[in-house]
Amino acid sequence: MNTVVLAFTMILLTVILYFVMNAVYVRLRSPFLVPILTTNIAVIVLLSLFDASYETYMVGGKWIDALLGPAIVSLCIPLYKQRDVIKMNVLPIFGGVVVGGIVGMLTGVLAARWVGFSTELLASILPKSITSPIAMQIAAELGGIPSLATVFVIIAGLAGILMGPWINRWFKIDTAIGQGIGLGVGAHAIGTSKSLEYGEQTSSMSSVAMTLSAIIGAFAGPLFGIWLFP
Amino acid sequence: MKIVITLLQVGFLYILFLTGKFLHAKLSIPLPGSIIGLLVLWGLLSIKIIPLRWVEKGAYVFLSTLPLYLIPATVGVMDYGHVFAGKGSLLILITIGSTFITMVVASLVSQFMAKHNVKEEGTLS
């Protein structure tokens with residue numbers, strides 16, 4: 001197929017599926033129907049049916065992917081609008097992000113090591129709760145596989161938005177700061193995209209948590225790895 | 001006219017992202033360009049070089065459809081089925097379990113500290 005036609009088809013496919021899945025989600029509001037998950041599954045199923053590879057998909061997919069950068073920049077807006085709330089809660093934010101971040105790296109790696117997975121896999125799973133560009137850097141530095149690190153980041157993100165509502169109920173997380181920090185620390189950008197549903201305060205907390213995790217992770221991740229698998 | 005303004009703002013946000021990418025490459029800051037762009041925009045808004053209304057409409061376009069831009073990357077999972085076959089399926093369970101603990105701890109710590117913050121200072125609404 002002509003590249004332009006192919007690219008256009010893949011873009012259209014993704015956009016249409018996304019809006020359909022979004023409409024379904026708005027209608028039924030089941031946490032299992034979050035559009036990012038349902039669209040992802042629908043795209044993969046369709047590609048498999050037509051025997052199309054990820055590489056083929058990305059001929060068009062890369063154009064949508066190119067908009068992720070400015071979309072992340074846009075998260076500055078809820079962040080900036082809520083700056084007073086953030087300033088007032090500097091310590092709780094730092095506390096949640098640092099403690100959560102350490103727990104996130106340790107529990108994943110230690111459990112995987114206990115089961116007996118290779119160092120290559122351990123290094124790939126370590127940065128799973130950090131946004132993918134940084135997770136890839138950390139994994140590469142520790143001898144992991146960057147693209148596999150991205151897969152763990154995505155699984156963590158999708159699992160995080162599915163579990164979020166239950167966690168909030170079971171553990172009585174009833175404040176914007178508690179809910180936002182949980183999503184941002186555990187589920188990075190995917191969690192933050194979900195947090196937008198909860199309103200500006202929660203999404204600003206999630207954005208702060210995601211950004212801080214990325215900054216702290218970029219510096220602390222490699223150190224953790226050196227300590228865990230010398 | 002409204003749509004032109006919104007599109008200009010979208011373009012401006014894209015330029016901020018490119019600026020972030022440029023700074024990432026030039027100064028080898030170990031953060032992705034998008035996050036550097038976010039911090040640059042925060043700086044520009046804070047020192048009032050840019051008023052919020054210059055970017056707010058464009059940002060809303062991105063924020064209202066944020067999950068869409070994450071999809072191409074997440075579809076990449078399809079190439080890694082083999083890693084999760086057999087014993088590898090435990091990696092999925094570990095990732096989910098660890099994410100659960102991470103979120104619970106992060107939420108509880110921040111919420112607990114915030115409530116104590118309120119009691120001591122009595123400032124948060």
# chains A, B, ... in the order shown; residues from 1 in each chain; ligands from 1
$ residues_around --residues "segment 22-25 of chain B" --least-positions-apart "4" --cutoff "10 Å" --atoms "only C-alpha atoms" --output "list of chain:residue names"
B:Leu16, B:Phe17, B:Leu18, B:Ile29, B:Pro30, B:Leu31, B:Pro32, B:Gly33, B:Ser34, B:Ile35, B:Ile36, B:Gly37
$ residues_around --residues "segment 5-7 of chain A" --least-positions-apart "4" --cutoff "12 Å" --atoms "only C-alpha atoms" --output "list in words"
Met1, Ile11, Leu12, Leu13, Thr14, Ala52, Glu55, Thr56, Tyr57, Met58, Val59, Gly60, Gly61, Lys62, Trp63 and Ile64 of chain A
$ interface_residues --of "chain B" --to "chain A" --cutoff "6 Å" --atoms "only C-alpha atoms" --output "JSON, numbers by chain"
{"B": [13, 14, 17, 34, 37, 38, 59, 62, 66, 67, 69, 72, 75, 77, 95, 96, 98, 99, 102, 103, 105, 106, 107, 109, 110, 111, 113, 114]}
$ write_last_selection --atoms "C-alpha atoms" --output "PDB file, in the first residue's frame"
ATOM      1  CA  LEU B  13       2.811  24.536  22.841  1.00  0.00           C
ATOM      2  CA  TYR B  14       4.536  22.505  20.145  1.00  0.00           C
ATOM      3  CA  PHE B  17       8.068  21.034  23.385  1.00  0.00           C
ATOM      4  CA  SER B  34       8.285  17.263  27.101  1.00  0.00           C
ATOM      5  CA  GLY B  37       9.064  22.094  28.043  1.00  0.00           C
ATOM      6  CA  LEU B  38       6.536  21.879  30.882  1.00  0.00           C
ATOM      7  CA  ALA B  59      -3.686  23.334  26.249  1.00  0.00           C
ATOM      8  CA  PHE B  62      -4.545  18.561  24.273  1.00  0.00           C
ATOM      9  CA  LEU B  66      -4.675  13.262  26.297  1.00  0.00           C
ATOM     10  CA  PRO B  67      -5.216   9.449  26.272  1.00  0.00           C
ATOM     11  CA  TYR B  69      -1.658  10.588  22.243  1.00  0.00           C
ATOM     12  CA  PRO B  72       0.640   4.582  19.668  1.00  0.00           C
ATOM     13  CA  VAL B  75       0.176  -0.525  21.113  1.00  0.00           C
ATOM     14  CA  VAL B  77       3.073  -3.995  23.805  1.00  0.00           C
ATOM     15  CA  THR B  95       4.127  -5.273  37.943  1.00  0.00           C
ATOM     16  CA  ILE B  96       0.466  -5.080  38.943  1.00  0.00           C
ATOM     17  CA  SER B  98       4.022  -3.548  42.898  1.00  0.00           C
ATOM     18  CA  THR B  99       1.941  -0.774  41.283  1.00  0.00           C
ATOM     19  CA  THR B 102       3.119   1.929  45.259  1.00  0.00           C
ATOM     20  CA  MET B 103      -0.189   3.726  44.778  1.00  0.00           C
ATOM     21  CA  VAL B 105       1.663   3.959  49.953  1.00  0.00           C
ATOM     22  CA  ALA B 106       1.989   7.178  47.908  1.00  0.00           C
ATOM     23  CA  SER B 107      -1.681   8.063  48.455  1.00  0.00           C
ATOM     24  CA  VAL B 109       1.583   9.112  52.899  1.00  0.00           C
ATOM     25  CA  SER B 110       0.573  12.286  51.045  1.00  0.00           C
ATOM     26  CA  GLN B 111      -2.978  12.284  52.413  1.00  0.00           C
ATOM     27  CA  MET B 113       0.828  14.418  55.781  1.00  0.00           C
ATOM     28  CA  ALA B 114      -1.656  16.834  54.189  1.00  0.00           C
TER      29      ALA B 114
END
$ select_by_dssp --residues "chain A" --states "helix (DSSP H, G or I)" --output "VMD selection string"
chain A and resid 3 to 28 31 to 33 35 to 49 54 to 65 68 to 74 76 to 81 83 to 88 90 to 115 119 to 125 132 to 141 146 to 170 176 to 198 200 to 228
$ closest_residue --among "B:Ala85, B:Gly97, B:Met78, B:Leu68" --to "Ile16 of chain A" --atoms "only C-alpha atoms"
B:Leu68
$ atom_distance --atom1 "atom CA of Gly143 of chain A" --atom2 "atom CA of Leu70 of chain B"
25.8 Å
$ atom_distance --atom1 "atom CA of Ile47 of chain B" --atom2 "atom CA of Ser207 of chain A"
20.4 Å
